[in-house]
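Trainee: One file is attached below, start_17.pdb, containing PDB, C-alpha atoms and all ligand atoms.
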ATOM      1  CA  MET A   1     -15.936  12.328  14.378
ATOM      2  CA  ASN A   2     -16.476  11.396  17.964
ATOM      3  CA  ASP A   3     -17.600  14.446  19.953
ATOM      4  CA  ARG A   4     -17.952  12.905  23.416
ATOM      5  CA  PRO A   5     -15.323  14.073  25.901
ATOM      6  CA  ALA A   6     -12.697  11.638  27.116
ATOM      7  CA  ARG A   7     -13.617   9.812  30.345
ATOM      8  CA  ILE A   8     -10.749   9.476  32.766
ATOM      9  CA  HIS A   9     -11.302   7.546  35.996
ATOM     10  CA  PRO A  10     -10.329   9.579  39.083
ATOM     11  CA  THR A  11      -7.700   6.989  40.059
ATOM     12  CA  ALA A  12      -5.986   7.071  36.640
ATOM     13  CA  ASP A  13      -2.722   9.001  36.416
ATOM     14  CA  VAL A  14      -2.720  10.873  33.116
ATOM     15  CA  SER A  15       0.081  13.327  32.433
ATOM     16  CA  PRO A  16      -1.093  16.823  31.541
ATOM     17  CA  GLU A  17       1.354  16.504  28.617
ATOM     18  CA  ALA A  18      -0.522  13.506  27.183
ATOM     19  CA  ILE A  19      -3.119  14.027  24.454
ATOM     20  CA  ILE A  20      -6.326  11.996  24.794
ATOM     21  CA  GLY A  21      -8.896  11.944  21.997
ATOM     22  CA  PRO A  22     -12.653  12.435  22.420
ATOM     23  CA  GLY A  23     -14.741   9.450  23.448
ATOM     24  CA  THR A  24     -11.752   7.604  24.881
ATOM     25  CA  SER A  25     -12.131   5.927  28.300
ATOM     26  CA  ILE A  26      -9.203   5.476  30.660
ATOM     27  CA  TRP A  27      -9.967   3.146  33.547
ATOM     28  CA  ASN A  28      -8.862   2.664  37.150
ATOM     29  CA  GLN A  29      -5.189   3.076  38.013
ATOM     30  CA  ALA A  30      -4.081   3.312  34.396
ATOM     31  CA  GLN A  31      -1.030   5.488  33.851
ATOM     32  CA  VAL A  32      -0.475   7.579  30.728
ATOM     33  CA  ARG A  33       2.913   9.252  30.517
ATOM     34  CA  GLU A  34       4.190  12.511  29.104
ATOM     35  CA  ARG A  35       3.596  13.182  25.402
ATOM     36  CA  ALA A  36       1.703   9.931  24.847
ATOM     37  CA  ARG A  37      -0.964  10.483  22.208
ATOM     38  CA  ILE A  38      -4.144   8.392  22.279
ATOM     39  CA  GLY A  39      -6.777   8.758  19.560
ATOM     40  CA  GLU A  40     -10.535   8.874  19.788
ATOM     41  CA  GLY A  41     -12.955   6.173  20.899
ATOM     42  CA  CYS A  42     -10.275   4.070  22.610
ATOM     43  CA  VAL A  43     -10.557   2.007  25.803
ATOM     44  CA  ILE A  44      -7.508   1.880  28.083
ATOM     45  CA  GLY A  45      -8.106  -0.810  30.723
ATOM     46  CA  LYS A  46      -7.458  -0.946  34.440
ATOM     47  CA  ASN A  47      -3.804  -0.776  35.418
ATOM     48  CA  ALA A  48      -2.563  -0.300  31.847
ATOM     49  CA  TYR A  49       0.699   1.590  31.388
ATOM     50  CA  ILE A  50       1.225   3.848  28.378
ATOM     51  CA  ASP A  51       4.807   5.099  28.254
ATOM     52  CA  THR A  52       6.236   8.421  27.101
ATOM     53  CA  ASP A  53       5.756   9.359  23.430
ATOM     54  CA  VAL A  54       3.690   6.244  22.611
ATOM     55  CA  ARG A  55       1.295   6.753  19.690
ATOM     56  CA  ILE A  56      -2.099   5.012  19.742
ATOM     57  CA  GLY A  57      -4.670   5.404  16.925
ATOM     58  CA  ASP A  58      -8.462   5.528  17.051
ATOM     59  CA  ARG A  59     -10.881   2.835  18.351
ATOM     60  CA  VAL A  60      -8.076   0.833  19.957
ATOM     61  CA  LYS A  61      -8.918  -1.513  22.863
ATOM     62  CA  ILE A  62      -6.207  -2.059  25.429
ATOM     63  CA  GLN A  63      -7.243  -4.539  28.117
ATOM     64  CA  ASN A  64      -6.253  -4.661  31.781
ATOM     65  CA  ASN A  65      -2.608  -4.762  32.846
ATOM     66  CA  VAL A  66      -1.112  -4.104  29.401
ATOM     67  CA  SER A  67       2.274  -2.352  29.287
ATOM     68  CA  VAL A  68       3.000  -0.294  26.173
ATOM     69  CA  TYR A  69       6.584   0.956  26.352
ATOM     70  CA  HIS A  70       8.412   3.822  24.696
ATOM     71  CA  GLY A  71       8.991   3.136  21.004
ATOM     72  CA  VAL A  72       5.683   1.378  20.373
ATOM     73  CA  THR A  73       3.177   2.692  17.814
ATOM     74  CA  ILE A  74      -0.328   1.251  17.609
ATOM     75  CA  GLU A  75      -2.504   2.047  14.583
ATOM     76  CA  ASP A  76      -6.314   2.269  14.402
ATOM     77  CA  GLY A  77      -8.649  -0.525  15.457
ATOM     78  CA  VAL A  78      -6.101  -2.690  17.243
ATOM     79  CA  PHE A  79      -7.108  -5.078  20.054
ATOM     80  CA  ILE A  80      -4.569  -5.769  22.791
ATOM     81  CA  GLY A  81      -5.621  -8.518  25.196
ATOM     82  CA  PRO A  82      -5.057  -8.542  28.953
ATOM     83  CA  HIS A  83      -1.472  -8.737  30.243
ATOM     84  CA  VAL A  84       0.127  -8.252  26.816
ATOM     85  CA  CYS A  85       3.700  -7.090  27.316
ATOM     86  CA  PHE A  86       5.642  -5.037  24.819
ATOM     87  CA  THR A  87       9.395  -4.930  25.340
ATOM     88  CA  ASN A  88      11.853  -2.369  24.079
ATOM     89  CA  ASP A  89      15.289  -3.799  24.759
ATOM     90  CA  LYS A  90      16.342  -7.082  23.157
ATOM     91  CA  VAL A  91      19.414  -7.538  25.346
ATOM     92  CA  PRO A  92      18.552  -5.913  28.650
ATOM     93  CA  ARG A  93      21.035  -5.239  31.411
ATOM     94  CA  ALA A  94      20.443  -3.160  34.490
ATOM     95  CA  VAL A  95      24.124  -2.228  34.696
ATOM     96  CA  ASN A  96      27.190  -1.695  32.491
ATOM     97  CA  PRO A  97      30.068  -4.243  32.659
ATOM     98  CA  ASP A  98      31.751  -2.059  35.283
ATOM     99  CA  GLY A  99      28.686  -2.393  37.491
ATOM    100  CA  SER A 100      27.518   1.197  37.014
ATOM    101  CA  ALA A 101      23.817   1.678  36.499
ATOM    102  CA  LYS A 102      22.656   2.067  32.917
ATOM    103  CA  SER A 103      20.795   5.226  32.003
ATOM    104  CA  ASP A 104      18.402   5.898  29.134
ATOM    105  CA  LEU A 105      21.444   7.044  27.124
ATOM    106  CA  ASP A 106      22.985   3.568  27.331
ATOM    107  CA  TRP A 107      20.412   1.805  25.214
ATOM    108  CA  ASP A 108      18.808   2.102  21.796
ATOM    109  CA  VAL A 109      15.060   1.805  21.492
ATOM    110  CA  SER A 110      13.899  -0.540  18.718
ATOM    111  CA  PRO A 111      10.596   0.767  17.363
ATOM    112  CA  THR A 112       7.607  -1.585  17.323
ATOM    113  CA  LEU A 113       4.580  -1.113  15.061
ATOM    114  CA  VAL A 114       1.164  -2.759  15.345
ATOM    115  CA  ARG A 115      -0.816  -2.117  12.176
ATOM    116  CA  VAL A 116      -4.512  -1.457  11.567
ATOM    117  CA  GLY A 117      -6.966  -4.024  12.890
ATOM    118  CA  ALA A 118      -4.415  -6.424  14.395
ATOM    119  CA  ALA A 119      -5.330  -8.407  17.535
ATOM    120  CA  LEU A 120      -2.869  -9.578  20.186
ATOM    121  CA  GLY A 121      -4.080 -12.422  22.416
ATOM    122  CA  ALA A 122      -3.939 -12.352  26.199
ATOM    123  CA  ASN A 123      -0.506 -12.549  27.777
ATOM    124  CA  SER A 124       1.392 -12.443  24.487
ATOM    125  CA  THR A 125       4.856 -10.879  24.543
ATOM    126  CA  ILE A 126       6.118  -8.729  21.704
ATOM    127  CA  LEU A 127       9.892  -8.430  21.309
ATOM    128  CA  PRO A 128      11.370  -5.103  20.225
ATOM    129  CA  GLY A 129      11.713  -3.883  16.659
ATOM    130  CA  ILE A 130       8.806  -5.910  15.315
ATOM    131  CA  THR A 131       6.010  -5.018  12.912
ATOM    132  CA  ILE A 132       2.723  -6.867  13.293
ATOM    133  CA  GLY A 133       0.809  -6.588  10.021
ATOM    134  CA  ARG A 134      -2.697  -5.383   9.284
ATOM    135  CA  TRP A 135      -5.437  -7.600  10.730
ATOM    136  CA  ALA A 136      -2.905 -10.141  11.922
ATOM    137  CA  MET A 137      -3.978 -12.244  14.907
ATOM    138  CA  ILE A 138      -1.594 -13.418  17.629
ATOM    139  CA  GLY A 139      -2.623 -16.367  19.801
ATOM    140  CA  SER A 140      -2.722 -15.953  23.568
ATOM    141  CA  GLY A 141       0.568 -16.614  25.323
ATOM    142  CA  SER A 142       2.633 -16.282  22.124
ATOM    143  CA  VAL A 143       6.112 -14.797  22.093
ATOM    144  CA  VAL A 144       6.508 -12.776  18.904
ATOM    145  CA  THR A 145      10.171 -12.716  17.872
ATOM    146  CA  ARG A 146       9.910 -11.681  14.206
ATOM    147  CA  ASP A 147       7.651  -9.622  11.948
ATOM    148  CA  VAL A 148       4.137 -10.950  11.343
ATOM    149  CA  GLU A 149       2.595 -10.578   7.869
ATOM    150  CA  ASP A 150      -0.717  -8.880   7.152
ATOM    151  CA  TYR A 151      -3.679 -11.221   7.945
ATOM    152  CA  ALA A 152      -1.427 -13.894   9.448
ATOM    153  CA  LEU A 153      -2.581 -16.058  12.356
ATOM    154  CA  ALA A 154       0.529 -16.711  14.455
ATOM    155  CA  VAL A 155       0.827 -18.721  17.670
ATOM    156  CA  GLY A 156       3.407 -20.223  20.007
ATOM    157  CA  ASN A 157       6.882 -19.500  21.348
ATOM    158  CA  PRO A 158       8.457 -18.412  19.094
ATOM    159  CA  ALA A 159       5.256 -17.408  17.280
ATOM    160  CA  ARG A 160       4.853 -19.048  13.867
ATOM    161  CA  ARG A 161       2.257 -18.529  11.192
ATOM    162  CA  ILE A 162      -0.243 -21.409  11.213
ATOM    163  CA  GLY A 163      -2.873 -19.850   8.946
ATOM    164  CA  SER A 164      -4.656 -16.601   8.311
ATOM    165  CA  ALA A 165      -7.310 -14.499  10.010
ATOM    166  CA  CYS A 166     -10.142 -12.732   8.196
ATOM    167  CA  PRO A 167     -10.875  -9.153   9.319
ATOM    168  CA  CYS A 168     -14.169 -10.587  10.687
ATOM    169  CA  GLY A 169     -12.093 -12.744  13.080
ATOM    170  CA  GLN A 170     -12.526 -16.099  11.356
ATOM    171  CA  PRO A 171      -9.361 -18.235  11.439
ATOM    172  CA  LEU A 172      -8.524 -19.607   7.974
ATOM    173  CA  ARG A 173      -6.389 -22.713   7.512
ATOM    174  CA  ASN A 174      -3.600 -22.933   4.971
ATOM    175  CA  ASP A 175      -4.365 -25.141   1.970
ATOM    176  CA  ALA A 176      -3.024 -28.693   1.639
ATOM    177  CA  ASP A 177       0.230 -27.352   0.189
ATOM    178  CA  GLY A 178       0.718 -25.029   3.137
ATOM    179  CA  ARG A 179      -0.162 -21.869   1.224
ATOM    180  CA  PRO A 180      -2.279 -19.194   2.889
ATOM    181  CA  PHE A 181      -6.031 -19.513   2.385
ATOM    182  CA  ALA A 182      -7.529 -17.733  -0.633
ATOM    183  CA  GLY A 183     -11.244 -17.598  -1.416
ATOM    184  CA  ALA A 184     -14.505 -16.638   0.250
ATOM    185  CA  CYS A 185     -14.424 -16.450   4.056
ATOM    186  CA  PRO A 186     -16.827 -19.123   5.410
ATOM    187  CA  ARG A 187     -18.040 -16.733   8.111
ATOM    188  CA  CYS A 188     -18.573 -13.350   6.429
ATOM    189  CA  GLY A 189     -18.405 -14.381   2.762
ATOM    190  CA  ASP A 190     -15.932 -11.654   1.844
ATOM    191  CA  ALA A 191     -13.086 -12.395  -0.531
ATOM    192  CA  PHE A 192      -9.858 -13.250   1.247
ATOM    193  CA  PRO A 193      -7.288 -11.870   1.222
ATOM    194  CA  PRO A 194      -9.063  -8.506   0.885
ATOM    195  CA  LEU A 195      -7.901  -6.081  -1.775
ATOM    196  CA  PRO A 196      -5.855  -3.283  -0.255
ATOM    197  CA  ALA A 197      -7.858  -0.126   0.359
ATOM    198  CA  ALA A 198      -6.938   3.019  -1.568
ATOM    199  CA  GLY A 199      -3.781   4.548  -0.216
ATOM    200  CA  GLN A 200      -2.466   1.256   1.155
ATOM    201  CA  GLU A 201      -0.102  -1.143  -0.443
TER     202      GLU A 201
HETATM  203 ZN    ZN B   1     -14.602 -13.187   7.304
END
Starting from the file, lay out its structure as structure tokens.
Ligand SMILES: [Zn+2]
Mentor:
Amino acid sequence: MNDRPARIHPTADVSPEAIIGPGTSIWNQAQVRERARIGEGCVIGKNAYIDTDVRIGDRVKIQNNVSVYHGVTIEDGVFIGPHVCFTNDKVPRAVNPDGSAKSDLDWDVSPTLVRVGAALGANSTILPGITIGRWAMIGSGSVVTRDVEDYALAVGNPARRIGSACPCGQPLRNDADGRPFAGACPRCGDAFPPLPAAGQE
């Protein structure tokens, strides 16, 4: 348990209705909206935006200029590189066909989930309604348009799986038949893919 108080930079705008865990740092000009819940030991970078009701786990790193919109859930230990953009409307319009402005009631939020340990490279864009699996790694600049499997290394626009990523960070090529790597990680020596921990499947 982390017993240090949260550190909130004086220029950050944190709603009194947000819940910030101990040991979390929130840097310059970041904005955290009503009812957002951020766990312990997190870093929220300069100019990040955390929307209403967003859930963020423990030991999450969110780099500068990241926007995390309503409907996004981020589990423990996730890394989100600078300028990553989550989206929450697949077919956005500012107005209805009659030209009247749309309100929050005129669109459905598609929930997005980023699972334990995943890493999203700088400037990647995550479309709505997507699950990014445990320890998956997304290359910088990718546009993620479909779910990403646990431990997958996915890059490009649209992002495609090109291999795997060990929890230690080592990229792992598919075998000659295009199947995901299986065996000992050349960097950390651990068996890959790892066995699921108790309580996971
Ligand atoms: Zn490894």
Trainee: Compute the set of protein, DNA and RNA residues whose minimum atom distance to ligand ZN 1 (chain B) is at most 9 Å, using all atoms listed in the file, and state it as a count of residues only.
Mentor: 17
Trainee: Might you pull out every residue within 12 Å of A:Asp177, with all atoms listed in the file counted and same-chain residues fewer than 4 positions away left off, and present them as a PyMOL selection string?
Mentor: chain A and resi 163+173+181
Trainee: Between A:Ile74, A:Ala182, A:Leu120, A:Leu127, which has the minimum distance to A:Val155 (counting all atoms listed in the file)?
Mentor: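 Result for the nearest residue to A:Val155: A:Leu120.
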Trainee: As an exercise, work out the distance from atom CA of A:Asn65 to atom CA of A:Ala136 in Å and give it to one decimal place.
Mentor: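 We find that atom CA of A:Asn65 and atom CA of A:Ala136 lie 21.6 Å from each other.
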Trainee: By how many Å are atom CA of A:Asn123 and atom CA of A:Val72 apart?
Mentor: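 Distance reported for this atom pair: 16.9 Å.
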